[in-house]
Amino acid sequence: MSNILLITSSPRGDESVSNKFSGELANKLKAKSASNTLVHRDLAADPIPHLDTVKTAAIRKAPDQRTVKKRLQPTIPTSWLQSLWPPTLSSSAPVLINFNIYSGLKSWIDNVARAGQTFKYTETGPVGLATGKKVYIVLAAAGVYSEGPAVSMNHAVPYLKTVLGFMGMTDVEVIYVEGLAFGPEAVEKAVAAAEAKVAELAQAA
């Protein structure tokens with residue numbers, strides 16, 4: 001059995017290319033076994049609040065050291081944190097916007113990257129605790145950022161691989177759907193390539 005966590009962050013909803021392909025991949029993975037489960041977290045429709053001073057203070061203190069106001073704050077982040085357990089397959093769908101991910105996805109990461117829960121500090125350095133998971137990143141972009149002169153402007157994939165790896169998720173596949181602003185032929189080519197990649201990854205899973 002595999003528990004699949006699908007995270008979407010594009011505010012374009014059904015018009016989003018990244019939502020489309022990440023959803024297709026997640027559904028193909030789920031269909032591989034009747035016992036597989038799928039949980040969808042739509043960060044655009046149901047955003048997780050950004051960390052503020054109260055939430056940050058609450059997270060950093062033991063429960064018995066929190067004020068009444070602070071005791072209420074970790075509830076939502078903890079529920080989102082728990083959505084990582086026990087999924088063994090995760091599908092994440094960012095869109096490249098201003099060369100990085102949407103702030104909604106960053107907020108989710110800020111809430112689930114918790115010392116003692118998704119990683120821990122040791123004498124030899126930090127160790128990720130969210131191990132044994134396969135992560136698929138679907139990244140849609142108007143330009144081409146996987147190769148060529150604009151590759152250095154793609155801060156989304158390096159960041160995601162770094163922070164996921166920090167939490168123990170090092171097995172990451174990236175599906176690019178890019179060049180979408182370069183005309184109908186480019187779009188057709190990008191979509192066909194993404195469809196082929198989704199089918200390939202689903203078959204190999």
# chains A, B, ... in the order shown; residues from 1 in each chain; ligands from 1

call {"tool": "select_by_dssp", "arguments": {"residues": "chain A", "states": "helix (DSSP H, G or I)", "output": "PyMOL selection string"}}
result
chain A and resi 13-15+17-30+53-59+63-65+68-72+75-82+103-112+151-153+156-166+184-204

call {"tool": "residues_around", "arguments": {"residues": "A:Ser33", "least_positions_apart": "5", "cutoff": "10 Å", "atoms": "only C-alpha atoms", "output": "VMD selection string"}}
result
chain A and resid 1 to 2 28

call {"tool": "closest_residue", "arguments": {"among": "A:Val17, A:Val127, A:Leu139, A:Ala193", "to": "A:Arg114", "atoms": "only C-alpha atoms"}}
result
A:Val127

call {"tool": "closest_residue", "arguments": {"among": "A:Ser152, A:Thr162, A:Asn19, A:Asn100", "to": "A:Ala113", "atoms": "only C-alpha atoms"}}
result
A:Thr162

call {"tool": "atom_distance", "arguments": {"atom1": "atom CA of A:Ala156", "atom2": "atom CA of A:Trp108"}}
result
14.6 Å

call {"tool": "select_by_dssp", "arguments": {"residues": "stretch 130-199 of chain A", "states": "strand (DSSP E or B)", "output": "list in words"}}
result
Lys134, Val135, Tyr136, Ile137, Val138, Leu139, Ala140, Asp171, Val172, Glu173, Val174, Ile175, Tyr176 and Val177 of chain A

call {"tool": "write_last_selection", "arguments": {"atoms": "N, CA and C atoms", "output": "PDB file, in the first residue's frame"}}
result
ATOM      1  N   LYS A 134       9.105   8.915  -1.958  1.00  0.00           N
ATOM      2  CA  LYS A 134       9.383   9.315  -3.334  1.00  0.00           C
ATOM      3  C   LYS A 134       8.653  10.621  -3.593  1.00  0.00           C
ATOM      4  N   VAL A 135       9.360  11.616  -4.105  1.00  0.00           N
ATOM      5  CA  VAL A 135       8.756  12.921  -4.354  1.00  0.00           C
ATOM      6  C   VAL A 135       8.792  13.229  -5.840  1.00  0.00           C
ATOM      7  N   TYR A 136       7.670  13.696  -6.354  1.00  0.00           N
ATOM      8  CA  TYR A 136       7.573  14.126  -7.742  1.00  0.00           C
ATOM      9  C   TYR A 136       7.247  15.621  -7.741  1.00  0.00           C
ATOM     10  N   ILE A 137       8.044  16.394  -8.443  1.00  0.00           N
ATOM     11  CA  ILE A 137       7.804  17.832  -8.570  1.00  0.00           C
ATOM     12  C   ILE A 137       7.391  18.134 -10.001  1.00  0.00           C
ATOM     13  N   VAL A 138       6.232  18.737 -10.165  1.00  0.00           N
ATOM     14  CA  VAL A 138       5.784  19.181 -11.482  1.00  0.00           C
ATOM     15  C   VAL A 138       5.941  20.698 -11.524  1.00  0.00           C
ATOM     16  N   LEU A 139       6.763  21.178 -12.434  1.00  0.00           N
ATOM     17  CA  LEU A 139       7.016  22.606 -12.503  1.00  0.00           C
ATOM     18  C   LEU A 139       6.638  23.141 -13.878  1.00  0.00           C
ATOM     19  N   ALA A 140       5.684  24.066 -13.904  1.00  0.00           N
ATOM     20  CA  ALA A 140       5.240  24.697 -15.146  1.00  0.00           C
ATOM     21  C   ALA A 140       5.829  26.101 -15.229  1.00  0.00           C
ATOM     22  N   ASP A 171      14.846  11.286  -2.757  1.00  0.00           N
ATOM     23  CA  ASP A 171      14.492  10.618  -4.017  1.00  0.00           C
ATOM     24  C   ASP A 171      13.463  11.482  -4.738  1.00  0.00           C
ATOM     25  N   VAL A 172      13.948  12.391  -5.579  1.00  0.00           N
ATOM     26  CA  VAL A 172      13.085  13.419  -6.183  1.00  0.00           C
ATOM     27  C   VAL A 172      13.157  13.363  -7.707  1.00  0.00           C
ATOM     28  N   GLU A 173      11.999  13.323  -8.336  1.00  0.00           N
ATOM     29  CA  GLU A 173      11.886  13.407  -9.795  1.00  0.00           C
ATOM     30  C   GLU A 173      11.228  14.730 -10.165  1.00  0.00           C
ATOM     31  N   VAL A 174      11.718  15.378 -11.222  1.00  0.00           N
ATOM     32  CA  VAL A 174      11.154  16.652 -11.657  1.00  0.00           C
ATOM     33  C   VAL A 174      10.554  16.504 -13.053  1.00  0.00           C
ATOM     34  N   ILE A 175       9.327  16.948 -13.202  1.00  0.00           N
ATOM     35  CA  ILE A 175       8.647  16.961 -14.491  1.00  0.00           C
ATOM     36  C   ILE A 175       8.471  18.428 -14.895  1.00  0.00           C
ATOM     37  N   TYR A 176       9.131  18.827 -15.955  1.00  0.00           N
ATOM     38  CA  TYR A 176       9.015  20.211 -16.439  1.00  0.00           C
ATOM     39  C   TYR A 176       7.934  20.303 -17.517  1.00  0.00           C
ATOM     40  N   VAL A 177       7.120  21.345 -17.417  1.00  0.00           N
ATOM     41  CA  VAL A 177       6.184  21.710 -18.483  1.00  0.00           C
ATOM     42  C   VAL A 177       6.503  23.173 -18.773  1.00  0.00           C
TER      43      VAL A 177
END
